[in-house]
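Q: My structure file start17.pdb, PDB, C-alpha atoms, is below:
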ATOM      1  CA  MET O  85     -23.464   9.134   0.648  1.00  0.00           C
ATOM      2  CA  ASP O  86     -22.946   5.395   1.123  1.00  0.00           C
ATOM      3  CA  TYR O  87     -20.055   3.691   2.884  1.00  0.00           C
ATOM      4  CA  GLY O  88     -18.387   0.327   2.524  1.00  0.00           C
ATOM      5  CA  ILE O  89     -15.689  -2.006   3.808  1.00  0.00           C
ATOM      6  CA  CYS O  90     -13.668  -4.764   2.152  1.00  0.00           C
ATOM      7  CA  ASN O  91     -14.505  -8.167   3.646  1.00  0.00           C
ATOM      8  CA  LEU O  92     -12.299 -10.234   1.326  1.00  0.00           C
ATOM      9  CA  SER O  93      -8.543 -10.765   1.300  1.00  0.00           C
ATOM     10  CA  ILE O  94      -7.305  -8.826  -1.762  1.00  0.00           C
ATOM     11  CA  VAL O  95      -9.811  -7.137  -4.065  1.00  0.00           C
ATOM     12  CA  PRO O  96      -8.986  -5.459  -7.415  1.00  0.00           C
ATOM     13  CA  LEU O  97      -9.748  -1.774  -7.872  1.00  0.00           C
ATOM     14  CA  ARG O  98     -10.398  -1.012 -11.555  1.00  0.00           C
ATOM     15  CA  GLU O  99     -10.062   2.074 -13.746  1.00  0.00           C
ATOM     16  CA  GLU O 100     -13.484   1.396 -15.271  1.00  0.00           C
ATOM     17  CA  PRO O 101     -16.493  -0.720 -14.206  1.00  0.00           C
ATOM     18  CA  SER O 102     -15.359  -3.906 -15.945  1.00  0.00           C
ATOM     19  CA  ASP O 103     -13.384  -7.027 -15.058  1.00  0.00           C
ATOM     20  CA  LYS O 104     -11.312  -6.334 -18.178  1.00  0.00           C
ATOM     21  CA  ALA O 105     -10.418  -2.787 -17.101  1.00  0.00           C
ATOM     22  CA  GLU O 106      -6.974  -1.748 -15.911  1.00  0.00           C
ATOM     23  CA  LEU O 107      -6.031  -2.713 -12.352  1.00  0.00           C
ATOM     24  CA  VAL O 108      -5.206   0.613 -10.707  1.00  0.00           C
ATOM     25  CA  SER O 109      -4.830  -0.639  -7.140  1.00  0.00           C
ATOM     26  CA  GLN O 110      -5.943  -3.277  -4.668  1.00  0.00           C
ATOM     27  CA  ILE O 111      -8.087  -3.063  -1.549  1.00  0.00           C
ATOM     28  CA  LEU O 112      -6.956  -5.187   1.368  1.00  0.00           C
ATOM     29  CA  PHE O 113      -9.193  -6.849   3.914  1.00  0.00           C
ATOM     30  CA  GLY O 114     -10.715  -4.402   6.402  1.00  0.00           C
ATOM     31  CA  GLU O 115     -10.110  -1.216   4.414  1.00  0.00           C
ATOM     32  CA  HIS O 116     -13.078   1.173   4.468  1.00  0.00           C
ATOM     33  CA  PHE O 117     -14.212   3.734   1.918  1.00  0.00           C
ATOM     34  CA  LYS O 118     -16.895   6.074   0.684  1.00  0.00           C
ATOM     35  CA  VAL O 119     -19.163   4.818  -2.084  1.00  0.00           C
ATOM     36  CA  LEU O 120     -19.464   7.603  -4.642  1.00  0.00           C
ATOM     37  CA  GLU O 121     -21.702   5.854  -7.187  1.00  0.00           C
ATOM     38  CA  ILE O 122     -23.574   2.543  -7.213  1.00  0.00           C
ATOM     39  CA  ARG O 123     -24.482   0.757 -10.442  1.00  0.00           C
ATOM     40  CA  LYS O 124     -26.015  -2.673 -11.013  1.00  0.00           C
ATOM     41  CA  LYS O 125     -22.729  -4.596 -10.828  1.00  0.00           C
ATOM     42  CA  TRP O 126     -20.086  -2.017  -9.911  1.00  0.00           C
ATOM     43  CA  SER O 127     -19.531   0.858  -7.492  1.00  0.00           C
ATOM     44  CA  LYS O 128     -17.113   3.759  -7.666  1.00  0.00           C
ATOM     45  CA  ILE O 129     -15.379   4.216  -4.324  1.00  0.00           C
ATOM     46  CA  ARG O 130     -12.888   6.525  -2.597  1.00  0.00           C
ATOM     47  CA  LEU O 131     -10.591   4.900  -0.049  1.00  0.00           C
ATOM     48  CA  ALA O 132     -10.439   6.528   3.364  1.00  0.00           C
ATOM     49  CA  PHE O 133      -6.700   5.928   3.779  1.00  0.00           C
ATOM     50  CA  ASP O 134      -5.353   7.714   0.701  1.00  0.00           C
ATOM     51  CA  SER O 135      -8.452   9.093  -1.111  1.00  0.00           C
ATOM     52  CA  TYR O 136      -7.712   6.859  -4.114  1.00  0.00           C
ATOM     53  CA  GLU O 137     -10.677   6.225  -6.406  1.00  0.00           C
ATOM     54  CA  GLY O 138     -11.703   3.348  -8.623  1.00  0.00           C
ATOM     55  CA  TRP O 139     -14.375   0.806  -9.433  1.00  0.00           C
ATOM     56  CA  LEU O 140     -15.166  -2.168  -7.229  1.00  0.00           C
ATOM     57  CA  ASP O 141     -17.309  -5.239  -7.935  1.00  0.00           C
ATOM     58  CA  ASN O 142     -20.458  -5.040  -5.798  1.00  0.00           C
ATOM     59  CA  LYS O 143     -20.001  -8.679  -4.778  1.00  0.00           C
ATOM     60  CA  GLN O 144     -16.634  -7.915  -3.208  1.00  0.00           C
ATOM     61  CA  PHE O 145     -17.475  -5.508  -0.410  1.00  0.00           C
ATOM     62  CA  GLU O 146     -20.084  -4.860   2.247  1.00  0.00           C
ATOM     63  CA  LEU O 147     -22.025  -1.669   2.863  1.00  0.00           C
ATOM     64  CA  ILE O 148     -21.747  -0.193   6.354  1.00  0.00           C
ATOM     65  CA  GLU O 149     -23.469   2.615   8.221  1.00  0.00           C
ATOM     66  CA  LYS O 150     -21.948   6.082   8.484  1.00  0.00           C
ATOM     67  CA  GLU O 151     -21.548   5.571  12.224  1.00  0.00           C
ATOM     68  CA  MET O 152     -19.264   2.603  11.642  1.00  0.00           C
ATOM     69  CA  TYR O 153     -17.289   4.504   8.992  1.00  0.00           C
ATOM     70  CA  ASP O 154     -16.789   7.398  11.421  1.00  0.00           C
ATOM     71  CA  SER O 155     -15.801   4.992  14.180  1.00  0.00           C
ATOM     72  CA  LEU O 156     -13.194   3.385  11.944  1.00  0.00           C
ATOM     73  CA  GLU O 157     -11.816   6.813  11.050  1.00  0.00           C
ATOM     74  CA  LYS O 158     -11.435   7.822  14.686  1.00  0.00           C
ATOM     75  CA  GLY O 159     -10.338   4.477  16.077  1.00  0.00           C
ATOM     76  CA  PRO O 160      -6.821   3.008  16.274  1.00  0.00           C
ATOM     77  CA  LYS O 161      -5.386   1.514  13.101  1.00  0.00           C
ATOM     78  CA  ILE O 162      -4.520  -2.145  13.766  1.00  0.00           C
ATOM     79  CA  LEU O 163      -2.812  -3.977  10.890  1.00  0.00           C
ATOM     80  CA  ALA O 164      -1.924  -7.615  10.254  1.00  0.00           C
ATOM     81  CA  GLY O 165       1.840  -7.858  10.608  1.00  0.00           C
ATOM     82  CA  ASN O 166       2.717 -11.215   9.035  1.00  0.00           C
ATOM     83  CA  LEU O 167       3.401 -11.523   5.301  1.00  0.00           C
ATOM     84  CA  VAL O 168       0.358 -13.774   5.074  1.00  0.00           C
ATOM     85  CA  ASP O 169      -1.836 -15.183   7.825  1.00  0.00           C
ATOM     86  CA  PHE O 170      -5.288 -16.585   8.540  1.00  0.00           C
ATOM     87  CA  ILE O 171      -8.411 -15.232  10.140  1.00  0.00           C
ATOM     88  CA  SER O 172     -11.448 -17.322  11.042  1.00  0.00           C
ATOM     89  CA  ASN O 173     -15.114 -16.363  11.263  1.00  0.00           C
ATOM     90  CA  GLN O 174     -17.842 -17.608  13.594  1.00  0.00           C
ATOM     91  CA  LYS O 175     -18.328 -20.694  11.412  1.00  0.00           C
ATOM     92  CA  ASN O 176     -14.598 -21.497  11.795  1.00  0.00           C
ATOM     93  CA  GLU O 177     -14.083 -20.818   8.094  1.00  0.00           C
ATOM     94  CA  LEU O 178     -10.550 -19.702   7.292  1.00  0.00           C
ATOM     95  CA  MET O 179      -9.532 -16.771   5.098  1.00  0.00           C
ATOM     96  CA  THR O 180      -6.023 -15.640   4.235  1.00  0.00           C
ATOM     97  CA  VAL O 181      -5.109 -11.997   4.837  1.00  0.00           C
ATOM     98  CA  PRO O 182      -1.924 -10.279   3.622  1.00  0.00           C
ATOM     99  CA  ILE O 183       0.353  -8.011   5.582  1.00  0.00           C
ATOM    100  CA  GLY O 184      -1.214  -4.568   5.951  1.00  0.00           C
ATOM    101  CA  ALA O 185      -4.796  -5.833   6.171  1.00  0.00           C
ATOM    102  CA  ASN O 186      -6.923  -3.832   8.610  1.00  0.00           C
ATOM    103  CA  LEU O 187      -8.326  -5.464  11.739  1.00  0.00           C
ATOM    104  CA  PRO O 188     -11.218  -3.172  12.760  1.00  0.00           C
ATOM    105  CA  ASN O 189     -12.095  -2.982  16.478  1.00  0.00           C
ATOM    106  CA  PHE O 190      -9.330  -5.484  17.291  1.00  0.00           C
ATOM    107  CA  ARG O 191      -9.142  -6.607  20.908  1.00  0.00           C
ATOM    108  CA  ASN O 192      -8.058  -9.835  22.602  1.00  0.00           C
ATOM    109  CA  ASN O 193      -7.443 -11.539  19.240  1.00  0.00           C
ATOM    110  CA  LYS O 194     -10.992 -10.738  18.122  1.00  0.00           C
ATOM    111  CA  PHE O 195     -12.389  -8.129  15.749  1.00  0.00           C
ATOM    112  CA  SER O 196     -15.571  -7.445  13.839  1.00  0.00           C
ATOM    113  CA  ILE O 197     -16.849  -6.142  10.515  1.00  0.00           C
ATOM    114  CA  ALA O 198     -20.511  -5.158  10.649  1.00  0.00           C
ATOM    115  CA  ASN O 199     -22.212  -8.189  12.214  1.00  0.00           C
ATOM    116  CA  GLU O 200     -19.443 -10.690  11.468  1.00  0.00           C
ATOM    117  CA  GLN O 201     -16.975 -11.659  14.200  1.00  0.00           C
ATOM    118  CA  TYR O 202     -13.441 -12.833  13.405  1.00  0.00           C
ATOM    119  CA  SER O 203     -10.468 -14.292  15.240  1.00  0.00           C
ATOM    120  CA  TYR O 204      -6.831 -13.520  14.486  1.00  0.00           C
ATOM    121  CA  ASP O 205      -3.800 -14.831  16.403  1.00  0.00           C
ATOM    122  CA  GLY O 206      -0.996 -13.374  14.295  1.00  0.00           C
ATOM    123  CA  GLU O 207       1.312 -10.390  14.741  1.00  0.00           C
ATOM    124  CA  VAL O 208      -0.312  -6.961  14.802  1.00  0.00           C
ATOM    125  CA  LEU O 209       1.094  -3.499  14.055  1.00  0.00           C
ATOM    126  CA  SER O 210      -0.500  -0.519  15.727  1.00  0.00           C
ATOM    127  CA  SER O 211       1.945   2.327  16.299  1.00  0.00           C
ATOM    128  CA  LYS O 212       4.463   4.564  14.595  1.00  0.00           C
ATOM    129  CA  GLN O 213       7.916   3.037  14.337  1.00  0.00           C
ATOM    130  CA  PRO O 214      11.288   4.797  14.087  1.00  0.00           C
ATOM    131  CA  LYS O 215      12.385   5.821  10.614  1.00  0.00           C
ATOM    132  CA  SER O 216      15.208   3.298  10.882  1.00  0.00           C
ATOM    133  CA  ASN O 217      12.611   0.500  10.794  1.00  0.00           C
ATOM    134  CA  LEU O 218      11.500   1.340   7.228  1.00  0.00           C
ATOM    135  CA  ILE O 219      14.354  -0.529   5.526  1.00  0.00           C
ATOM    136  CA  GLN O 220      13.869  -3.583   7.717  1.00  0.00           C
ATOM    137  CA  THR O 221      10.211  -3.635   6.655  1.00  0.00           C
ATOM    138  CA  ALA O 222      11.158  -3.132   2.991  1.00  0.00           C
ATOM    139  CA  PHE O 223      13.401  -6.221   3.118  1.00  0.00           C
ATOM    140  CA  LEU O 224      10.307  -8.353   3.834  1.00  0.00           C
ATOM    141  CA  PHE O 225       9.223  -7.782   0.217  1.00  0.00           C
ATOM    142  CA  LEU O 226      12.489  -8.684  -1.515  1.00  0.00           C
ATOM    143  CA  ASN O 227      11.827 -10.674  -4.716  1.00  0.00           C
ATOM    144  CA  SER O 228       8.077  -9.998  -4.624  1.00  0.00           C
ATOM    145  CA  PRO O 229       7.007  -9.894  -8.297  1.00  0.00           C
ATOM    146  CA  TYR O 230       6.106  -6.581  -9.904  1.00  0.00           C
ATOM    147  CA  LEU O 231       2.395  -6.137 -10.532  1.00  0.00           C
ATOM    148  CA  TRP O 232       0.876  -2.914 -11.877  1.00  0.00           C
ATOM    149  CA  GLY O 233      -1.629  -1.835  -9.223  1.00  0.00           C
ATOM    150  CA  GLY O 234      -0.421  -4.462  -6.730  1.00  0.00           C
ATOM    151  CA  LYS O 235      -0.125  -3.913  -2.977  1.00  0.00           C
ATOM    152  CA  THR O 236       0.887  -7.316  -1.560  1.00  0.00           C
ATOM    153  CA  PRO O 237       3.924  -9.636  -1.374  1.00  0.00           C
ATOM    154  CA  PHE O 238       2.281 -11.673  -4.165  1.00  0.00           C
ATOM    155  CA  GLY O 239       2.538  -8.715  -6.574  1.00  0.00           C
ATOM    156  CA  ILE O 240       3.332  -5.064  -5.977  1.00  0.00           C
ATOM    157  CA  ASP O 241       4.180  -1.928  -7.953  1.00  0.00           C
ATOM    158  CA  CYS O 242       6.751   0.713  -7.083  1.00  0.00           C
ATOM    159  CA  SER O 243       4.428   3.173  -5.340  1.00  0.00           C
ATOM    160  CA  GLY O 244       2.366   0.421  -3.736  1.00  0.00           C
ATOM    161  CA  PHE O 245       5.633  -0.830  -2.259  1.00  0.00           C
ATOM    162  CA  SER O 246       6.685   2.522  -0.795  1.00  0.00           C
ATOM    163  CA  GLN O 247       3.149   3.232   0.434  1.00  0.00           C
ATOM    164  CA  LEU O 248       2.798  -0.131   2.165  1.00  0.00           C
ATOM    165  CA  VAL O 249       6.248   0.029   3.793  1.00  0.00           C
ATOM    166  CA  TYR O 250       5.389   3.431   5.235  1.00  0.00           C
ATOM    167  CA  LYS O 251       1.882   2.328   6.254  1.00  0.00           C
ATOM    168  CA  LEU O 252       3.223  -0.668   8.176  1.00  0.00           C
ATOM    169  CA  ASN O 253       5.360   1.761  10.182  1.00  0.00           C
ATOM    170  CA  GLY O 254       2.485   4.137  10.944  1.00  0.00           C
ATOM    171  CA  TYR O 255       2.929   6.759   8.198  1.00  0.00           C
ATOM    172  CA  SER O 256       0.673   7.804   5.319  1.00  0.00           C
ATOM    173  CA  LEU O 257       1.692   8.123   1.691  1.00  0.00           C
ATOM    174  CA  LYS O 258      -0.498   8.739  -1.332  1.00  0.00           C
ATOM    175  CA  ARG O 259      -0.991   5.886  -3.809  1.00  0.00           C
ATOM    176  CA  ASP O 260       0.845   6.926  -6.994  1.00  0.00           C
ATOM    177  CA  ALA O 261       4.487   7.957  -7.368  1.00  0.00           C
ATOM    178  CA  SER O 262       3.485  11.322  -8.866  1.00  0.00           C
ATOM    179  CA  GLN O 263       1.297  11.983  -5.810  1.00  0.00           C
ATOM    180  CA  GLN O 264       3.942  10.858  -3.320  1.00  0.00           C
ATOM    181  CA  ALA O 265       6.469  13.183  -4.980  1.00  0.00           C
ATOM    182  CA  LYS O 266       4.361  16.134  -3.792  1.00  0.00           C
ATOM    183  CA  GLN O 267       4.749  15.104  -0.156  1.00  0.00           C
ATOM    184  CA  GLY O 268       7.631  15.852   2.176  1.00  0.00           C
ATOM    185  CA  GLU O 269      10.738  18.027   1.921  1.00  0.00           C
ATOM    186  CA  VAL O 270      13.020  18.274  -1.113  1.00  0.00           C
ATOM    187  CA  LEU O 271      16.663  17.271  -0.620  1.00  0.00           C
ATOM    188  CA  SER O 272      19.283  18.733  -2.936  1.00  0.00           C
ATOM    189  CA  PHE O 273      21.761  15.860  -2.959  1.00  0.00           C
ATOM    190  CA  ILE O 274      21.834  12.115  -2.369  1.00  0.00           C
ATOM    191  CA  GLU O 275      24.420  12.773   0.331  1.00  0.00           C
ATOM    192  CA  GLU O 276      21.751  14.616   2.363  1.00  0.00           C
ATOM    193  CA  SER O 277      19.430  11.626   2.361  1.00  0.00           C
ATOM    194  CA  GLU O 278      18.911   9.031   5.076  1.00  0.00           C
ATOM    195  CA  PRO O 279      17.762   5.415   4.800  1.00  0.00           C
ATOM    196  CA  GLY O 280      13.990   5.543   4.367  1.00  0.00           C
ATOM    197  CA  ASP O 281      13.881   8.713   2.265  1.00  0.00           C
ATOM    198  CA  LEU O 282      12.271   8.416  -1.166  1.00  0.00           C
ATOM    199  CA  ALA O 283      13.830   8.920  -4.596  1.00  0.00           C
ATOM    200  CA  PHE O 284      11.590   9.708  -7.573  1.00  0.00           C
ATOM    201  CA  PHE O 285      12.317   9.166 -11.259  1.00  0.00           C
ATOM    202  CA  ASP O 286      10.775  10.607 -14.424  1.00  0.00           C
ATOM    203  CA  ASN O 287      10.308   9.566 -18.038  1.00  0.00           C
ATOM    204  CA  ASP O 288      11.363  11.356 -21.208  1.00  0.00           C
ATOM    205  CA  GLU O 289       8.309  13.617 -20.980  1.00  0.00           C
ATOM    206  CA  GLY O 290       9.228  14.711 -17.454  1.00  0.00           C
ATOM    207  CA  ALA O 291       6.395  12.832 -15.722  1.00  0.00           C
ATOM    208  CA  ILE O 292       7.297  11.078 -12.475  1.00  0.00           C
ATOM    209  CA  THR O 293       6.701   7.370 -13.022  1.00  0.00           C
ATOM    210  CA  HIS O 294       8.854   5.543 -10.466  1.00  0.00           C
ATOM    211  CA  VAL O 295       9.782   5.660  -6.782  1.00  0.00           C
ATOM    212  CA  GLY O 296      12.184   3.757  -4.565  1.00  0.00           C
ATOM    213  CA  ILE O 297      13.295   3.745  -0.940  1.00  0.00           C
ATOM    214  CA  ILE O 298      16.837   4.958  -0.319  1.00  0.00           C
ATOM    215  CA  MET O 299      19.204   2.736   1.673  1.00  0.00           C
ATOM    216  CA  LYS O 300      22.619   3.532   3.091  1.00  0.00           C
ATOM    217  CA  ASP O 301      25.813   3.590   1.012  1.00  0.00           C
ATOM    218  CA  ASN O 302      24.043   4.709  -2.202  1.00  0.00           C
ATOM    219  CA  TYR O 303      21.759   1.719  -2.596  1.00  0.00           C
ATOM    220  CA  ILE O 304      18.021   1.749  -3.297  1.00  0.00           C
ATOM    221  CA  ILE O 305      15.276  -0.847  -2.877  1.00  0.00           C
ATOM    222  CA  HIS O 306      12.438  -0.613  -5.394  1.00  0.00           C
ATOM    223  CA  ALA O 307       9.942  -2.656  -7.441  1.00  0.00           C
ATOM    224  CA  HIS O 308      11.178  -3.172 -10.997  1.00  0.00           C
ATOM    225  CA  GLY O 309      10.413  -6.639 -12.336  1.00  0.00           C
ATOM    226  CA  LYS O 310      10.569  -7.626  -8.693  1.00  0.00           C
ATOM    227  CA  VAL O 311      11.430  -5.888  -5.454  1.00  0.00           C
ATOM    228  CA  ARG O 312      15.196  -5.587  -5.775  1.00  0.00           C
ATOM    229  CA  ILE O 313      18.232  -3.664  -4.562  1.00  0.00           C
ATOM    230  CA  ASP O 314      20.258  -1.557  -7.006  1.00  0.00           C
ATOM    231  CA  ARG O 315      22.798   1.260  -6.934  1.00  0.00           C
ATOM    232  CA  LEU O 316      21.697   4.907  -6.781  1.00  0.00           C
ATOM    233  CA  ASP O 317      23.787   7.756  -8.184  1.00  0.00           C
ATOM    234  CA  HIS O 318      23.181  11.308  -9.396  1.00  0.00           C
ATOM    235  CA  SER O 319      22.005  10.014 -12.779  1.00  0.00           C
ATOM    236  CA  GLY O 320      19.513   7.557 -11.360  1.00  0.00           C
ATOM    237  CA  ILE O 321      19.225   3.819 -10.717  1.00  0.00           C
ATOM    238  CA  TYR O 322      22.063   1.630 -11.945  1.00  0.00           C
ATOM    239  CA  ASN O 323      20.855  -1.941 -12.400  1.00  0.00           C
ATOM    240  CA  VAL O 324      23.502  -4.262 -10.983  1.00  0.00           C
ATOM    241  CA  ASP O 325      22.425  -7.162 -13.245  1.00  0.00           C
ATOM    242  CA  SER O 326      22.100  -5.434 -16.627  1.00  0.00           C
ATOM    243  CA  ARG O 327      24.892  -2.964 -15.800  1.00  0.00           C
ATOM    244  CA  ARG O 328      23.034   0.050 -17.103  1.00  0.00           C
ATOM    245  CA  HIS O 329      20.935   2.908 -15.819  1.00  0.00           C
ATOM    246  CA  THR O 330      17.229   2.057 -15.868  1.00  0.00           C
ATOM    247  CA  HIS O 331      15.640   5.132 -14.259  1.00  0.00           C
ATOM    248  CA  LYS O 332      16.489   8.856 -14.413  1.00  0.00           C
ATOM    249  CA  LEU O 333      16.604  10.630 -11.047  1.00  0.00           C
ATOM    250  CA  ARG O 334      14.222  13.557 -10.690  1.00  0.00           C
ATOM    251  CA  VAL O 335      13.957  14.438  -6.988  1.00  0.00           C
ATOM    252  CA  ILE O 336      14.704  13.139  -3.501  1.00  0.00           C
ATOM    253  CA  LYS O 337      12.167  13.716  -0.726  1.00  0.00           C
ATOM    254  CA  LYS O 338      12.348  13.410   3.054  1.00  0.00           C
ATOM    255  CA  ILE O 339       8.899  12.345   4.223  1.00  0.00           C
ATOM    256  CA  ILE O 340       9.675  11.858   7.938  1.00  0.00           C
TER     257      ILE O 340
END
Is it possible to give me this structure as structure tokens?
A:
Amino acid sequence: MDYGICNLSIVPLREEPSDKAELVSQILFGEHFKVLEIRKKWSKIRLAFDSYEGWLDNKQFELIEKEMYDSLEKGPKILAGNLVDFISNQKNELMTVPIGANLPNFRNNKFSIANEQYSYDGEVLSSKQPKSNLIQTAFLFLNSPYLWGGKTPFGIDCSGFSQLVYKLNGYSLKRDASQQAKQGEVLSFIEESEPGDLAFFDNDEGAITHVGIIMKDNYIIHAHGKVRIDRLDHSGIYNVDSRRHTHKLRVIKKII
């Protein structure tokens, strides 16, 4: 088994080993993973955080030893807390990192990946926050454009949005809406929900394809075209601009 870590800002994770293949997710700076298969130009990987799999360009990550992988698994999870910020390496070269990027072995504004040392002076997140903080975090992404497979303020999908909001507050969600819908406790009615609970929506075939974060007073924040706020009722999401229901409610889950 080989192991790797992302040493670039935002790296595409593909369905197949090709630059033309579907973007299924993104890997943020500092995220580590197992390397399941290595080919000439591409490697299939499994992320440590959520066990999500996909293909990664071999030029866009660095192999690490098992000891470092294990250390990262056991160590504290320190995340970049600003929407976008800069890190610098030993050559004083700058690199942008998005919110949610990992800062391995972070201490005194310094951290390292393999043999490379970095400096970071921005806000860091390192502990579980109260459930009430989830909505405040979600508001940071308002008007971020929708991007299938996206996980940043520059483009994000519905489940990437819910996963990242929870991650920034110290909680783990799976990557896809259908996977997240299997987590947590089922609530029978919207009235039982609290801000921060998740609502899931299905298509005509009954497959769960969408997720949003419930707010107070029957509102929901979700990624649909952009990260936006709409009404939530027993039928589903009522789009306040088009004045019609856009998503059919399937289940409400309390994760924390």
Q: What are the closest atom pairs, with distances in Å to one decimal, for all residues of region 143-171 of chain O lying within 9 Å of region 241-260 of chain O? Consider all atoms listed in the file, order rows by chain and residue number, and present the result as CSV.
A:
residue,atom,partner,partner_atom,distance
O:Lys161,CA,O:Gly254,CA,8.6
O:Leu163,CA,O:Leu252,CA,7.4
O:Ala164,CA,O:Leu252,CA,8.9
O:Gly165,CA,O:Leu252,CA,7.7
Q: I need the residue nearest Tyr202 (chain O) from this list: O:Val181, O:Met152, O:Leu218, O:Ile304. Use only C-alpha atoms for the distance.
A: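 Nearest to Tyr202 (chain O): O:Val181.
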Q: Once the PyMOL selection byres ((chain O and resi 91) around 7) has been applied to the shown file, what residues remain in the selection, as a count of residues only?
A: 8
Q: Just checking: using all atoms listed in the file, which residue out of O:Arg328, O:Asn227, O:Glu275, O:Thr236 ends up closest to Ala307 (chain O)?
A: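 Of all the options, O:Asn227 lies closest to Ala307 (chain O).
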Q: For the structure shown, which residues end up in the PyMOL selection byres ((chain O and resi 287) around 12)? Put them as a PyMOL selection string, please?
A: chain O and resi 262+284-286+288-295+320+330-334
Q: Tell me, in Å to one decimal, how far CA of Tyr322 (chain O) is from CA of Asn302 (chain O).
A: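 Result for CA of Tyr322 (chain O) versus CA of Asn302 (chain O): 10.4 Å, one decimal.
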Q: When you count all atoms listed in the file, which of these residues is closest to Gly159 (chain O): O:Lys124, O:Ala265, O:Gln110, O:Ser210?
A: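 Closest to Gly159 (chain O), using all atoms listed in the file: O:Ser210.
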Q: Let me know the centre plus edge lengths, in Å and rounded to one decimal, of a box with edges along x, y and z that contains all listed atoms of region 167-177 of chain O and is padded by 4 Å on every side, as JSON.
A:
{"center_x": -7.5, "center_y": -16.5, "center_z": 9.3, "size_x": 29.7, "size_y": 18.0, "size_z": 16.5}
Q: Could you write out as a list of chain:residue names the residues that the PyMOL selection byres ((chain O and resi 173) around 9) matches in the shown file?
A: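 Taken over the shown coordinates, the PyMOL selection byres ((chain O and resi 173) around 9) returns O:Ile171, O:Ser172, O:Gln174, O:Lys175, O:Asn176, O:Glu177, O:Leu178, O:Met179, O:Glu200, O:Gln201, O:Tyr202, O:Ser203.
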Q: Skipping near chain neighbours, those fewer than 6 positions away, what residues fall within 9 Å of Asp205 (chain O) using all atoms listed in the file, listed as number ranges by chain?
A: O: 169-171, 193-194
Q: Calculated over all atoms listed in the file, which of the candidates O:Ile162, O:Leu131, O:Ser155, O:Lys266 has the smallest distance to Phe195 (chain O)?
A: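 For Phe195 (chain O), the nearest of the candidates is O:Ile162.
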Q: For Asp314 (chain O), please output as a list in words all residues within 8 Å (counting all atoms listed in the file; exclusion window: fewer than 3 positions along the same chain).
A: Tyr303, Ile304, Ile305, Ile321, Tyr322, Asn323 and Val324 of chain O
Q: Find the spatial neighbours of Arg123 (chain O), counting only C-alpha atoms, within a cut-off of 10 Å - ignore same-chain residues fewer than 3 positions away - and output them as number ranges by chain.
A: O: 101, 126-128, 141-142
Q: Would you list the residues near (13.2, -5.5, -6.5), meaning any protein, DNA or RNA residue with an atom at most 9 Å from that point in file coordinates, counting all atoms listed in the file, as a VMD selection string?
A: chain O and resid 225 to 230 242 305 to 314
Q: For Tyr136 (chain O), which of O:Phe117, O:Tyr153, O:Tyr204, O:Phe273 is the closest residue, counting all atoms listed in the file?
A: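 Nearest candidate to Tyr136 (chain O) out of O:Phe117, O:Tyr153, O:Tyr204, O:Phe273: O:Phe117.
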Q: Counting all atoms listed in the file, what is within 7 Å of region 338-340 of chain O, bar same-chain residues fewer than 5 positions away, as a ChimeraX atom specification?
A: /O:267-271,281-282
Q: Any idea what's packed within 7 Å of Val168 (chain O), counting only C-alpha atoms, ignoring anything in its chain fewer than 4 positions away? Could you give it as a list of chain:residue names?
A: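 After dropping sequence-adjacent residues, the list is O:Thr180, O:Val181, O:Pro182, O:Ile183.
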Q: Work out how far apart CA of Lys118 (chain O) and CA of Asp86 (chain O) are and give it in Å to one decimal.
A: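 For CA of Lys118 (chain O) relative to CA of Asp86 (chain O), the distance reads 6.1 Å.
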Q: Using all atoms listed in the file, which residue out of O:Ser272, O:Glu100, O:Glu106, O:Met85 lies closest to Gly234 (chain O)?
A: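 For Gly234 (chain O), the nearest of the given residues is O:Glu106.
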Q: CA of Gly280 (chain O) and CA of His318 (chain O) are how many Å apart?
A: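 Spanning CA of Gly280 (chain O) to CA of His318 (chain O) is a straight-line distance of 17.5 Å.
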